[in-house]
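Novice: Please see the structure below; I have some questions.
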Amino acid sequence: MTRLLWDALGDVPDRRGRQGRQYELRSVLGIALAAMLAGANDLRAIWRWGRRLRPEALRLFGIESGRSPCHASYHYFFQALDADALAATLGRGTVRNLVCGAIVTPTEGAYGDQERHPGPASGRP
């Protein structure tokens with residue numbers, strides 16, 4: 001059975017308090033995973049990658065407001081993330097069974113300033 005990575009991320013339990021849920025867990029995870037696939041290797045790089053996404057690209061991640069999470073949001077998000085549950089959820093499928101979904105590249109308008117960021121950018125995880 002083929003399953004979207006987006007759907008699998010929705011199965012990860014959210015341990016954040018009610019006040020810490022401005023963004024869906026899978027939205028933040030999706031942006032973080034896409035940023036890491038694009039070369040981000042720390043919270044600041046993940047935040048910068050997400051900040052550069054246009055509102056249309058953020059909507060592909062389920063963020064209707066068009067505003068990406070701030071740097072502190074990623075910090076608190078990863079602090080509360082149940083890494084074992086994430087590994088178990090992703091481990092239930094294999095690479096063959098997970099499909100990433102639509103890909104948005106900078107030439108298609110994922111970033112506001114395309115010349116400075118020529119690398120691929122994933123739209124919906």
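Here's how to read the names in the structure tokens: chain A, B, ... by the order shown, residue numbers from 1 in each chain, ligand numbers from 1 in the order shown.
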Apply DSSP to the backbone of this structure and, from region 20-82 of chain A, keep only the residues in alpha helix (DSSP H); write these as a ChimeraX atom specification.
Specialist: /A:25-37,43-51,55-60,71-80
Novice: Which polymer residues have any atom within 9 Å of an atom of Arg67 (chain A), counting only C-alpha atoms, with same-chain residues fewer than 5 positions away left out, as a list in words?
Specialist: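 Near neighbours after the sequence-gap exclusion: Arg51, Arg54, Pro55 and Leu58 of chain A.
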Novice: May I have the residues within 9 Å of Tyr74 (chain A) as number ranges by chain, using only C-alpha atoms and disregarding those fewer than 3 positions away in the same chain?
Specialist: A: 28, 32, 43-44, 46-47, 69-71, 77-79
Novice: Quick check, in Å to one decimal: how far apart do CA of Ala35 (chain A) and CA of Ala72 (chain A) lie?
Specialist: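 CA of Ala35 (chain A) sits 16.3 Å away from CA of Ala72 (chain A).
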Novice: As a compact mmCIF listing (two decimals) with C-alpha atoms, in the first residue's frame, please: the residues near region 81-85 of chain A (cut-off 8 Å, only C-alpha atoms, same-chain neighbours under 3 positions excluded).
Specialist:
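Below is the file selection-v6.txt, written as the result:
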```
# COMPACT_ATOMS: atom_id res chain seq x y z
CA VAL A 12 2.74 11.32 15.16
CA PRO A 13 1.27 12.16 18.59
CA ASP A 14 1.40 15.82 19.56
CA ARG A 15 2.62 16.32 23.14
CA ARG A 16 2.52 20.12 23.04
CA PHE A 77 8.39 22.19 18.93
CA PHE A 78 11.45 19.94 18.89
CA ALA A 88 7.98 4.35 15.15
CA THR A 89 5.49 6.08 12.86
```
Novice: For Ala80 (chain A), which residue among A:Arg3, A:Arg48, A:Arg59, A:Arg21 is the nearest when counting only C-alpha atoms?
Specialist: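 Of all the options, A:Arg21 lies closest to Ala80 (chain A).
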Novice: Using only C-alpha atoms, which of the listed residues (A:Trp49, A:Trp6, A:Tyr76, A:Phe61) sits closest to Gln19 (chain A)?
Specialist: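 Closest to Gln19 (chain A), using only C-alpha atoms: A:Tyr76.
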Novice: What is the distance, in Å and to one decimal place, between CA of Glu64 (chain A) and CA of Ala87 (chain A)?
Specialist: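 Here the two named atoms are 27.3 Å from each other.
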Novice: Go through A:Gly39, A:Tyr23, A:Leu90, A:Ala57 and flag the residue nearest Ser73 (chain A), using only C-alpha atoms for the distances.
Specialist: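 Ranked by minimum distance to Ser73 (chain A), first place goes to A:Tyr23.
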